[in-house]
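One file, my_file-v7.cif, carrying mmCIF, C-alpha atoms:
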```
data_start
#
loop_
_atom_site.label_atom_id
_atom_site.label_comp_id
_atom_site.auth_asym_id
_atom_site.auth_seq_id
_atom_site.Cartn_x
_atom_site.Cartn_y
_atom_site.Cartn_z
CA MET A 1 68.97 106.78 93.31
CA ALA A 2 68.78 102.99 93.56
CA ASP A 3 69.82 100.02 95.59
CA ILE A 4 71.50 96.98 94.02
CA GLU A 5 70.43 93.37 94.56
CA LEU A 6 72.51 90.51 93.17
CA THR A 7 71.19 86.97 93.52
CA GLY A 8 73.10 83.83 92.55
CA LEU A 9 75.17 85.84 90.11
CA SER A 10 77.79 84.02 88.04
CA THR A 11 79.94 85.25 85.17
CA VAL A 12 81.73 82.55 83.19
CA TYR A 13 84.36 83.22 80.53
CA PRO A 14 84.45 81.16 77.29
CA ASN A 15 87.38 79.12 78.67
CA GLY A 16 85.18 77.96 81.56
CA VAL A 17 86.69 80.18 84.26
CA ARG A 18 84.02 81.31 86.73
CA ALA A 19 85.16 84.87 87.39
CA VAL A 20 82.08 85.49 89.54
CA ASP A 21 80.71 82.38 91.22
CA GLY A 22 77.16 82.23 92.63
CA LEU A 23 77.39 85.59 94.37
CA ASP A 24 74.63 87.12 96.54
CA LEU A 25 74.97 90.78 97.52
CA SER A 26 72.75 93.68 98.59
CA ILE A 27 73.95 97.29 98.32
CA THR A 28 71.68 99.95 99.82
CA ASP A 29 70.53 103.17 98.20
CA GLY A 30 73.16 105.90 98.58
CA GLU A 31 75.83 103.58 99.96
CA PHE A 32 79.54 103.91 99.15
CA PHE A 33 80.46 100.24 98.72
CA ALA A 34 83.93 98.81 98.06
CA LEU A 35 84.85 95.56 96.31
CA LEU A 36 88.28 94.67 97.64
CA GLY A 37 90.59 91.82 96.76
CA PRO A 38 93.80 90.75 95.03
CA SER A 39 94.25 90.85 91.27
CA GLY A 40 92.20 88.17 89.54
CA CYS A 41 89.66 87.76 92.34
CA GLY A 42 86.71 88.78 90.13
CA LYS A 43 85.98 92.27 91.47
CA THR A 44 86.33 94.10 88.13
CA THR A 45 84.35 91.39 86.35
CA LEU A 46 81.59 91.80 88.93
CA LEU A 47 81.57 95.57 88.36
CA ARG A 48 81.43 95.11 84.58
CA THR A 49 78.63 92.57 84.97
CA ILE A 50 76.59 95.08 87.00
CA ALA A 51 77.27 97.65 84.26
CA GLY A 52 76.20 95.22 81.53
CA LEU A 53 79.63 95.14 79.86
CA GLU A 54 79.88 91.44 80.75
CA GLN A 55 76.95 89.05 80.40
CA SER A 56 76.06 86.97 83.46
CA ALA A 57 75.66 83.23 82.97
CA GLU A 58 73.41 82.74 85.99
CA GLY A 59 71.51 84.79 88.55
CA THR A 60 69.83 88.19 88.52
CA ILE A 61 70.76 91.87 88.82
CA VAL A 62 68.14 94.26 90.17
CA LEU A 63 68.76 98.01 90.24
CA GLY A 64 66.12 99.84 92.22
CA GLU A 65 63.02 97.81 91.41
CA LYS A 66 64.07 96.91 87.87
CA ASP A 67 65.54 93.58 86.81
CA VAL A 68 68.33 94.56 84.41
CA THR A 69 69.95 91.14 84.04
CA ARG A 70 69.33 91.07 80.30
CA VAL A 71 69.08 94.83 79.71
CA ASP A 72 71.67 96.53 77.47
CA ALA A 73 74.40 98.48 79.26
CA GLY A 74 73.20 101.84 77.92
CA LYS A 75 69.72 101.34 79.38
CA ARG A 76 70.66 100.27 82.92
CA GLY A 77 70.95 103.74 84.40
CA VAL A 78 74.55 103.28 85.52
CA ALA A 79 77.66 105.37 84.92
CA MET A 80 81.15 103.91 84.99
CA VAL A 81 84.59 105.45 85.48
CA PHE A 82 87.32 103.19 84.12
CA GLN A 83 90.81 102.66 85.51
CA ASP A 84 92.40 104.48 82.56
CA TYR A 85 89.54 107.07 82.52
CA ALA A 86 88.79 106.25 78.82
CA LEU A 87 88.63 109.90 77.76
CA PHE A 88 88.38 110.73 74.04
CA PRO A 89 91.82 112.19 73.17
CA HIS A 90 90.55 114.22 70.19
CA MET A 91 87.82 115.94 72.23
CA THR A 92 88.12 118.89 74.57
CA VAL A 93 87.25 118.61 78.26
CA ALA A 94 83.87 120.21 77.55
CA GLN A 95 83.14 117.75 74.75
CA ASN A 96 84.17 114.78 76.90
CA ILE A 97 81.93 115.90 79.77
CA SER A 98 78.90 116.50 77.56
CA TYR A 99 79.34 113.38 75.42
CA PRO A 100 76.52 111.41 77.13
CA LEU A 101 74.09 114.19 76.15
CA ARG A 102 75.44 114.21 72.62
CA VAL A 103 74.69 110.48 72.33
CA ARG A 104 71.13 111.21 73.49
CA ARG A 105 70.88 113.89 70.79
CA ALA A 106 70.43 116.72 73.27
CA SER A 107 70.71 120.24 71.91
CA LYS A 108 74.13 121.90 71.69
CA GLN A 109 72.97 124.45 74.25
CA ALA A 110 72.02 121.65 76.68
CA GLN A 111 75.43 120.04 76.14
CA GLN A 112 77.21 123.33 76.77
CA ASP A 113 75.15 124.06 79.89
CA ALA A 114 75.87 120.59 81.30
CA ALA A 115 79.61 120.94 80.70
CA THR A 116 79.65 124.38 82.32
CA SER A 117 77.63 123.47 85.42
CA THR A 118 79.30 120.10 86.06
CA SER A 119 82.83 121.40 85.53
CA ALA A 120 82.27 124.25 87.99
CA GLY A 121 81.61 121.86 90.85
CA LEU A 122 84.74 119.84 90.06
CA GLY A 123 87.20 122.69 89.56
CA LEU A 124 87.43 122.22 85.79
CA SER A 125 86.00 125.53 84.58
CA GLU A 126 89.38 126.84 83.43
CA LEU A 127 90.20 123.64 81.55
CA LEU A 128 87.16 123.21 79.28
CA GLU A 129 89.07 123.92 76.06
CA ARG A 130 92.01 121.64 76.83
CA ARG A 131 92.40 118.07 75.60
CA PRO A 132 93.17 115.06 77.84
CA ALA A 133 96.87 115.03 76.90
CA GLN A 134 97.18 118.53 78.37
CA LEU A 135 95.80 117.46 81.77
CA SER A 136 97.39 115.93 84.86
CA GLY A 137 96.24 112.54 86.14
CA GLY A 138 94.09 114.14 88.83
CA GLN A 139 92.45 116.46 86.29
CA GLN A 140 91.73 113.56 83.93
CA GLN A 141 90.11 111.70 86.80
CA ARG A 142 87.82 114.64 87.51
CA VAL A 143 86.86 114.89 83.83
CA ALA A 144 85.93 111.19 83.83
CA LEU A 145 83.83 111.74 86.97
CA ALA A 146 82.20 114.82 85.44
CA ARG A 147 81.24 112.81 82.34
CA ALA A 148 79.74 110.10 84.56
CA ILE A 149 77.76 112.69 86.55
CA THR A 150 76.41 114.22 83.35
CA MET A 151 74.72 110.90 82.58
CA SER A 152 72.35 111.51 85.55
CA ALA A 153 72.73 107.85 86.45
CA GLU A 154 71.29 106.19 89.55
CA VAL A 155 74.41 104.07 90.17
CA LEU A 156 78.07 105.09 89.88
CA LEU A 157 80.66 102.35 89.24
CA LEU A 158 84.35 103.13 89.82
CA ASP A 159 87.03 100.73 88.58
CA GLU A 160 90.24 101.58 90.49
CA PRO A 161 90.05 105.27 89.50
CA LEU A 162 92.92 106.25 91.82
CA SER A 163 95.47 103.69 90.67
CA ASN A 164 97.10 106.00 88.09
CA LEU A 165 97.71 108.81 90.59
CA ASP A 166 100.82 109.43 92.65
CA ALA A 167 100.72 109.02 96.44
CA ARG A 168 99.95 112.68 97.24
CA LEU A 169 97.20 112.95 94.64
CA ARG A 170 95.64 109.68 95.82
CA LEU A 171 95.20 111.10 99.32
CA GLU A 172 93.62 114.27 97.94
CA ALA A 173 91.42 112.26 95.56
CA ARG A 174 90.08 110.10 98.39
CA THR A 175 88.75 113.13 100.21
CA PHE A 176 87.36 114.55 96.99
CA LEU A 177 85.62 111.30 96.02
CA LYS A 178 84.03 110.79 99.43
CA ARG A 179 82.74 114.36 99.55
CA LEU A 180 81.42 114.17 95.97
CA GLN A 181 79.61 110.89 96.61
CA ARG A 182 78.07 112.22 99.80
CA ASP A 183 76.91 115.44 98.10
CA LEU A 184 75.38 113.59 95.15
CA GLY A 185 73.90 110.77 97.24
CA LEU A 186 74.74 108.31 94.47
CA THR A 187 74.83 104.59 95.12
CA THR A 188 78.51 103.94 94.41
CA VAL A 189 80.43 100.70 93.92
CA PHE A 190 84.19 101.14 94.09
CA VAL A 191 86.71 98.48 92.99
CA THR A 192 90.19 98.51 94.51
CA HIS A 193 93.02 96.22 95.58
CA ASP A 194 94.29 98.91 97.98
CA GLN A 195 93.12 98.21 101.54
CA ALA A 196 93.83 101.76 102.69
CA GLU A 197 91.51 103.16 100.02
CA ALA A 198 88.70 100.77 100.91
CA LEU A 199 89.05 101.34 104.65
CA ALA A 200 89.10 105.12 104.20
CA LEU A 201 86.26 105.49 101.69
CA ALA A 202 83.72 102.72 102.06
CA ASP A 203 80.61 102.46 104.21
CA ARG A 204 80.91 98.68 103.75
CA ILE A 205 83.45 96.37 102.16
CA ALA A 206 83.18 93.01 100.41
CA VAL A 207 86.50 91.15 100.42
CA MET A 208 86.64 88.85 97.39
CA ALA A 209 88.69 85.81 96.39
CA GLU A 210 88.16 83.42 93.48
CA GLY A 211 84.88 85.04 92.46
CA ARG A 212 83.28 84.80 95.88
CA ILE A 213 82.83 87.07 98.88
CA ARG A 214 84.95 85.99 101.84
CA GLN A 215 83.70 88.70 104.20
CA LEU A 216 81.16 91.48 104.12
CA GLY A 217 81.11 94.25 106.72
CA THR A 218 82.07 97.76 107.76
CA PRO A 219 85.74 98.77 107.52
CA LYS A 220 86.02 98.47 111.30
CA GLU A 221 84.51 94.96 111.32
CA VAL A 222 86.70 93.71 108.49
CA PHE A 223 89.87 95.18 109.99
CA GLN A 224 89.34 94.17 113.61
CA ARG A 225 87.64 90.78 113.14
CA PRO A 226 88.62 89.16 109.81
CA ALA A 227 86.31 86.22 109.13
CA ASP A 228 89.10 83.87 108.03
CA THR A 229 92.84 83.74 107.64
CA PHE A 230 92.69 84.87 104.00
CA VAL A 231 91.01 88.14 104.97
CA ALA A 232 93.29 88.47 108.02
CA ASN A 233 96.38 88.14 105.83
CA PHE A 234 95.05 90.47 103.12
CA ILE A 235 93.67 93.38 105.14
CA GLY A 236 95.97 95.91 106.78
CA SER A 237 99.00 97.98 105.83
CA THR A 238 101.12 95.54 107.86
CA PRO A 239 100.20 91.82 107.67
CA MET A 240 98.47 90.24 110.64
CA ASN A 241 100.57 87.78 112.64
CA LEU A 242 99.10 84.33 111.97
CA LEU A 243 100.74 81.91 114.37
CA THR A 244 100.13 78.16 114.19
CA GLY A 245 99.47 76.64 117.59
CA THR A 246 97.34 74.39 119.78
CA TYR A 247 94.40 74.97 122.10
CA ARG A 248 94.92 73.42 125.53
CA ASP A 249 93.43 74.03 129.01
CA GLY A 250 91.65 77.17 127.87
CA LEU A 251 94.84 78.73 126.47
CA VAL A 252 96.40 79.06 123.03
CA GLU A 253 99.95 77.72 122.80
CA VAL A 254 101.93 79.62 120.13
CA ALA A 255 105.51 80.80 119.57
CA GLY A 256 106.78 79.16 122.75
CA THR A 257 104.20 80.77 125.04
CA ARG A 258 100.57 80.44 126.18
CA LEU A 259 98.07 83.22 125.52
CA ALA A 260 94.56 83.65 126.92
CA PRO A 261 91.91 84.02 124.20
CA PRO A 262 89.05 86.50 124.70
CA GLY A 263 85.83 84.89 125.95
CA ASP A 264 85.18 81.18 126.36
CA LEU A 265 86.11 78.90 123.46
CA THR A 266 84.41 75.52 123.23
CA LEU A 267 87.35 73.68 121.71
CA THR A 268 88.71 70.26 122.52
CA ASP A 269 92.18 70.10 124.07
CA GLY A 270 94.78 69.50 121.37
CA THR A 271 92.75 71.25 118.64
CA PRO A 272 95.05 72.91 116.08
CA VAL A 273 94.43 76.65 115.89
CA VAL A 274 95.89 79.76 114.30
CA ALA A 275 96.33 82.78 116.56
CA GLY A 276 95.77 86.10 114.80
CA ILE A 277 97.28 89.28 116.25
CA ARG A 278 97.62 92.55 114.37
CA PRO A 279 101.02 94.25 114.86
CA GLU A 280 99.13 97.37 115.98
CA TYR A 281 97.57 95.41 118.86
CA LEU A 282 100.78 93.74 120.06
CA HIS A 283 102.70 95.73 122.67
CA PRO A 284 105.86 95.32 124.79
CA ALA A 285 105.07 93.47 128.03
CA SER A 286 106.71 91.59 130.89
CA ASP A 287 105.03 88.32 129.91
CA GLY A 288 104.05 87.00 126.48
CA ILE A 289 105.75 86.24 123.17
CA THR A 290 109.53 86.54 123.52
CA GLY A 291 112.01 86.78 120.68
CA THR A 292 115.11 88.46 119.32
CA VAL A 293 114.70 91.72 117.42
CA SER A 294 115.79 90.90 113.86
CA ILE A 295 114.41 93.79 111.79
CA VAL A 296 113.33 97.35 112.62
CA GLU A 297 111.50 99.38 109.96
CA ASN A 298 110.76 103.04 110.61
CA LEU A 299 107.22 103.97 109.50
CA GLY A 300 107.33 107.59 110.59
CA VAL A 301 105.79 108.10 114.03
CA THR A 302 105.91 104.33 114.62
CA SER A 303 108.35 101.51 113.88
CA LEU A 304 107.59 97.96 112.78
CA VAL A 305 109.66 95.51 114.81
CA THR A 306 110.14 91.88 113.75
CA LEU A 307 110.88 89.34 116.48
CA GLU A 308 112.48 85.99 115.70
CA CYS A 309 110.84 83.56 118.13
CA PRO A 310 111.34 79.84 118.95
CA GLY A 311 110.76 77.54 115.99
CA GLU A 312 111.90 80.22 113.52
CA VAL A 313 108.56 82.00 113.94
CA LEU A 314 108.54 85.69 112.96
CA VAL A 315 106.24 88.06 114.85
CA GLY A 316 105.70 91.72 114.00
CA LEU A 317 104.61 94.54 116.30
CA THR A 318 104.52 98.30 116.08
CA VAL A 319 106.06 100.58 118.71
CA PRO A 320 106.39 104.38 119.02
CA GLU A 321 109.42 105.65 117.15
CA GLN A 322 111.09 106.80 120.36
CA ASP A 323 110.78 103.27 121.83
CA GLU A 324 112.43 101.58 118.85
CA PRO A 325 114.59 98.68 120.13
CA ALA A 326 118.03 97.78 118.84
CA VAL A 327 118.52 94.81 116.50
CA GLY A 328 119.78 91.78 118.41
CA THR A 329 118.10 92.63 121.71
CA THR A 330 115.52 90.39 123.38
CA MET A 331 111.95 91.64 123.56
CA THR A 332 108.66 90.35 124.99
CA ALA A 333 105.23 91.41 123.68
CA ALA A 334 101.60 90.56 124.41
CA PRO A 335 98.33 91.33 122.63
CA ALA A 336 96.12 94.10 123.99
CA LYS A 337 93.07 92.92 125.90
CA GLY A 338 90.50 91.30 123.63
CA ARG A 339 92.67 91.63 120.52
CA LEU A 340 93.77 88.00 120.15
CA LEU A 341 91.78 86.22 117.44
CA VAL A 342 91.57 82.44 117.19
CA TYR A 343 91.00 80.62 113.90
CA ASP A 344 90.23 76.94 113.43
CA GLY A 345 93.43 75.28 112.23
CA GLU A 346 91.58 73.12 109.67
CA THR A 347 88.85 75.41 108.30
CA ASN A 348 90.78 78.69 108.78
CA GLN A 349 87.52 80.27 109.98
CA LEU A 350 87.28 82.60 112.97
CA VAL A 351 86.21 80.65 116.06
#
```
If you took the structure in this file and wrote it as structure tokens, what would it be?
Amino acid sequence: MADIELTGLSTVYPNGVRAVDGLDLSITDGEFFALLGPSGCGKTTLLRTIAGLEQSAEGTIVLGEKDVTRVDAGKRGVAMVFQDYALFPHMTVAQNISYPLRVRRASKQAQQDAATSTSAGLGLSELLERRPAQLSGGQQQRVALARAITMSAEVLLLDEPLSNLDARLRLEARTFLKRLQRDLGLTTVFVTHDQAEALALADRIAVMAEGRIRQLGTPKEVFQRPADTFVANFIGSTPMNLLTGTYRDGLVEVAGTRLAPPGDLTLTDGTPVVAGIRPEYLHPASDGITGTVSIVENLGVTSLVTLECPGEVLVGLTVPEQDEPAVGTTMTAAPAKGRLLVYDGETNQLV
């Protein structure tokens, strides 16, 4: 196994676009690490640069104790599973799985043994003679993973491998992937734009935008304390409430009310701020943000309620399904203790 050390890494396309821009990152041996961000943020380019499929313009890539910055992709000791799985359509499952050994000119017996042993652990034993077109999306994913495992690589790179699966299969595949990675102990870098996947699978997450890392931390850290308003707006199945306001007399004035921030803030009176409150941490109360219920969305066991507050400000909160209010009624809500976040109104950074 191996850790990954990226220092000052930049990848620049011929048109001058810096897809990865001066990035520093350390990934520990055996870690399940997620690169998360919107489309075009540079996460797939970063993964391909680690793999050697894209050439870095600046910086270094160290895998284990080896500098592989200028090493060919096939000699880096990494395995990659692509978004579309990239299986050979004319080959059987067994041939796809054993292909890395075929490239290395291993004996036919060694190729057959590898296909048999690897497929058994991934539930593919009954499918070895089928071709990719005869497989479901989940089965194709497992074949792609089996082929990657056969390479005996030190690092496993996954480029949105769940994106082609339906909702039910994605949930099953998450559990399967996490268990497989834990059993193999492989250092794994996982690219996704799906926050739920990253939060469920990763030991740590790097949230990216414009080729740079905006926040690095555990899923809990990134979800509960986003480092800036970009991360706050991006992370979460329901968007965080980001309310423009003013800091005055130790309180945050937003949406026609005054809220007490957690801890002591050393801000000057009149400083513009942005109050961040996740809908999950905003609850009905006797005192707080008051508005008219304009939208109610049932999410299953909970409902997402949208309040229309003074100044045409919209605030969302979640309530138990049985407490779902009627549209048009007045409702007051307040953040749970310690759950109000305050961002600098100019820098958008967490205060």
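One distance worth recording is that between CA of Leu35 (chain A) and CA of Thr118 (chain A), which is 27.2 Å.
Nearest residue to Arg102 (chain A), choosing from A:Val20, A:Val12, A:Arg147, A:Arg76 and counting all atoms listed in the file: A:Arg147.
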Explicit residue set for the PyMOL selection byres ((chain A and resi 307) around 10), as number ranges by chain
A: 289-296, 304-306, 308-310, 312-317, 327-333
What lies within 12 Å of Gln134 (chain A) using only C-alpha atoms, ignoring chain neighbours under 6 positions off, as number ranges by chain?
A: 89-93, 127-128, 140
Of the candidates A:Thr246, A:Thr229, A:Gln215, A:Ser237, which shows the shortest atom-to-atom distance to Thr347 (chain A), using all atoms listed in the file?
A:Thr229
Residues matched by the PyMOL selection byres ((chain A and resi 51) around 8), written as a PyMOL selection string:
chain A and resi 47-50+52-54+73+76+78-80+157
Could the residues in this selection be written to a file with C-alpha atoms, as an mmCIF file, in the frame of the given file?
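Printed below is again14.cif as written:
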```
data_model
loop_
_atom_site.group_PDB
_atom_site.id
_atom_site.type_symbol
_atom_site.label_atom_id
_atom_site.label_comp_id
_atom_site.auth_asym_id
_atom_site.auth_seq_id
_atom_site.Cartn_x
_atom_site.Cartn_y
_atom_site.Cartn_z
ATOM 1 C CA LEU A 47 81.570 95.570 88.360
ATOM 2 C CA ARG A 48 81.430 95.110 84.580
ATOM 3 C CA THR A 49 78.630 92.570 84.970
ATOM 4 C CA ILE A 50 76.590 95.080 87.000
ATOM 5 C CA GLY A 52 76.200 95.220 81.530
ATOM 6 C CA LEU A 53 79.630 95.140 79.860
ATOM 7 C CA GLU A 54 79.880 91.440 80.750
ATOM 8 C CA ALA A 73 74.400 98.480 79.260
ATOM 9 C CA ARG A 76 70.660 100.270 82.920
ATOM 10 C CA VAL A 78 74.550 103.280 85.520
ATOM 11 C CA ALA A 79 77.660 105.370 84.920
ATOM 12 C CA MET A 80 81.150 103.910 84.990
ATOM 13 C CA LEU A 157 80.660 102.350 89.240
#
```
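The neighbours of region 65-70 of chain A here are the residues that come within 12 Å of it, using all atoms listed in the file and leaving out any residue fewer than 6 positions away in the same chain; they are Met1, Ala2, Asp3, Ile4, Glu5, Leu6, Thr7, Gly8, Leu9, Ser10, Thr11, Asp29, Thr49, Ile50, Ala51, Gly52, Leu53, Glu54, Gln55, Ser56, Ala57, Glu58, Gly59, Arg76, Gly77, Val78 and Glu154 of chain A.
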Got a sec: who's within 8 Å of Glu210 (chain A), counting all atoms listed in the file, leaving out chain neighbours fewer than 5 positions off, as an MDAnalysis selection string?
chainID A and resid 19:21 40:42
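For region 276-288 of chain A, the list of residues within 8 Å, based on all atoms listed in the file and with local chain neighbours fewer than 6 positions off taken out, reads A:Ala232, A:Thr238, A:Pro239, A:Met240, A:Asn241, A:Leu242, A:Leu243, A:Thr257, A:Arg258, A:Leu259, A:Leu304, A:Gly316, A:Leu317, A:Thr318, A:Val319, A:Met331, A:Thr332, A:Ala333, A:Ala334, A:Pro335, A:Ala336, A:Arg339, A:Leu340, A:Leu341, A:Val342, A:Tyr343.
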Any idea what's packed within 10 Å of region 170-182 of chain A, counting all atoms listed in the file, ignoring anything in its chain fewer than 6 positions away? Could you give it as an MDAnalysis selection string?
chainID A and resid 30:32 121:122 138 141:142 145 156 161:164 188 197:198 200:202
What is the distance, in Å and to one decimal place, between CA of Ser152 (chain A) and CA of Ile61 (chain A)?
20.0 Å
Which is closer to Glu160 (chain A) than all the others in A:Leu135, A:Leu186, A:Ala209, A:Val191, using all atoms listed in the file?
A:Val191
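Straight-line separation from CA of Ala255 (chain A) to CA of Gly270 (chain A): 15.7 Å.
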With all atoms of region 265-270 of chain A from the file as input, state the centre and edge lengths in Å to one decimal of the axis-aligned box that has 6 Å extra on each side, as lines of an AutoDock Vina configuration file.
```
center_x = 89.6
center_y = 74.2
center_z = 122.7
size_x = 22.4
size_y = 21.4
size_z = 14.7
```
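If all atoms listed in the file are the atoms counted, then among A:Leu63, A:Ala146, A:Leu46, A:Ala167 the closest residue to Leu87 (chain A) is A:Ala146.
Closest approach to Ile149 (chain A) from the set A:Phe190, A:Ala326, A:Tyr99, A:Leu165 is made by A:Tyr99, with distances taken over only C-alpha atoms.
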Would you mind telling me which residue in A:Thr116, A:Gln95, A:Ser136, A:Gln349 lies nearest to Val274 (chain A) when using all atoms listed in the file?
A:Gln349
Given the point (73.4, 115.7, 81.8) in the file's coordinates, find the residues that have an atom at most 12 Å from it, counting all atoms listed in the file, and give them as a VMD selection string.
chain A and resid 79 96 to 119 146 to 153
Given the PyMOL selection byres ((chain A and resi 219) around 10), the residues it picks as an MDAnalysis selection string:
chainID A and resid 34 195:196 198:206 216:218 220:225 235
Could those residues be written to a file, using C-alpha atoms, as a CSV table (one decimal), keeping the file's coordinate frame?
```
chain,number,residue,atom,x,y,z
A,34,ALA,CA,83.9,98.8,98.1
A,195,GLN,CA,93.1,98.2,101.5
A,196,ALA,CA,93.8,101.8,102.7
A,198,ALA,CA,88.7,100.8,100.9
A,199,LEU,CA,89.0,101.3,104.6
A,200,ALA,CA,89.1,105.1,104.2
A,201,LEU,CA,86.3,105.5,101.7
A,202,ALA,CA,83.7,102.7,102.1
A,203,ASP,CA,80.6,102.5,104.2
A,204,ARG,CA,80.9,98.7,103.8
A,205,ILE,CA,83.4,96.4,102.2
A,206,ALA,CA,83.2,93.0,100.4
A,216,LEU,CA,81.2,91.5,104.1
A,217,GLY,CA,81.1,94.2,106.7
A,218,THR,CA,82.1,97.8,107.8
A,220,LYS,CA,86.0,98.5,111.3
A,221,GLU,CA,84.5,95.0,111.3
A,222,VAL,CA,86.7,93.7,108.5
A,223,PHE,CA,89.9,95.2,110.0
A,224,GLN,CA,89.3,94.2,113.6
A,225,ARG,CA,87.6,90.8,113.1
A,235,ILE,CA,93.7,93.4,105.1
```
Can you rebuild region 329-343 of chain A with N, CA, C and O atoms and give it as an mmCIF file, keeping the file's coordinate frame?
```cif
data_model
loop_
_atom_site.group_PDB
_atom_site.id
_atom_site.type_symbol
_atom_site.label_atom_id
_atom_site.label_comp_id
_atom_site.auth_asym_id
_atom_site.auth_seq_id
_atom_site.Cartn_x
_atom_site.Cartn_y
_atom_site.Cartn_z
ATOM 1 N N THR A 329 118.550 92.667 120.321
ATOM 2 C CA THR A 329 118.100 92.630 121.710
ATOM 3 C C THR A 329 116.906 91.692 121.857
ATOM 4 O O THR A 329 116.229 91.346 120.884
ATOM 5 N N THR A 330 116.661 91.261 123.098
ATOM 6 C CA THR A 330 115.520 90.390 123.380
ATOM 7 C C THR A 330 114.325 91.252 123.791
ATOM 8 O O THR A 330 114.478 92.225 124.531
ATOM 9 N N MET A 331 113.154 90.842 123.300
ATOM 10 C CA MET A 331 111.950 91.640 123.560
ATOM 11 C C MET A 331 110.768 90.716 123.801
ATOM 12 O O MET A 331 110.653 89.646 123.177
ATOM 13 N N THR A 332 109.882 91.108 124.710
ATOM 14 C CA THR A 332 108.660 90.350 124.990
ATOM 15 C C THR A 332 107.456 91.233 124.702
ATOM 16 O O THR A 332 107.446 92.418 125.030
ATOM 17 N N ALA A 333 106.431 90.656 124.054
ATOM 18 C CA ALA A 333 105.230 91.410 123.680
ATOM 19 C C ALA A 333 103.987 90.566 123.926
ATOM 20 O O ALA A 333 104.037 89.336 123.898
ATOM 21 N N ALA A 334 102.876 91.241 124.180
ATOM 22 C CA ALA A 334 101.600 90.560 124.410
ATOM 23 C C ALA A 334 100.489 91.335 123.730
ATOM 24 O O ALA A 334 100.568 92.554 123.585
ATOM 25 N N PRO A 335 99.436 90.630 123.290
ATOM 26 C CA PRO A 335 98.330 91.330 122.630
ATOM 27 C C PRO A 335 97.526 92.162 123.630
ATOM 28 O O PRO A 335 97.401 91.792 124.803
ATOM 29 N N ALA A 336 97.001 93.290 123.159
ATOM 30 C CA ALA A 336 96.120 94.100 123.990
ATOM 31 C C ALA A 336 94.878 93.289 124.338
ATOM 32 O O ALA A 336 94.504 92.339 123.638
ATOM 33 N N LYS A 337 94.229 93.652 125.419
ATOM 34 C CA LYS A 337 93.070 92.920 125.900
ATOM 35 C C LYS A 337 91.998 92.796 124.826
ATOM 36 O O LYS A 337 91.574 93.783 124.227
ATOM 37 N N GLY A 338 91.567 91.561 124.584
ATOM 38 C CA GLY A 338 90.500 91.300 123.630
ATOM 39 C C GLY A 338 90.926 91.318 122.176
ATOM 40 O O GLY A 338 90.088 91.168 121.285
ATOM 41 N N ARG A 339 92.222 91.500 121.904
ATOM 42 C CA ARG A 339 92.670 91.630 120.520
ATOM 43 C C ARG A 339 93.254 90.358 119.925
ATOM 44 O O ARG A 339 93.682 90.355 118.780
ATOM 45 N N LEU A 340 93.309 89.284 120.685
ATOM 46 C CA LEU A 340 93.770 88.000 120.150
ATOM 47 C C LEU A 340 92.600 87.312 119.446
ATOM 48 O O LEU A 340 91.528 87.128 120.036
ATOM 49 N N LEU A 341 92.790 86.949 118.200
ATOM 50 C CA LEU A 341 91.780 86.220 117.440
ATOM 51 C C LEU A 341 92.223 84.777 117.292
ATOM 52 O O LEU A 341 93.412 84.497 117.146
ATOM 53 N N VAL A 342 91.257 83.858 117.318
ATOM 54 C CA VAL A 342 91.570 82.440 117.190
ATOM 55 C C VAL A 342 90.821 81.863 115.998
ATOM 56 O O VAL A 342 89.595 81.993 115.896
ATOM 57 N N TYR A 343 91.571 81.235 115.091
ATOM 58 C CA TYR A 343 91.000 80.620 113.900
ATOM 59 C C TYR A 343 91.147 79.109 113.991
ATOM 60 O O TYR A 343 92.156 78.602 114.503
#
```
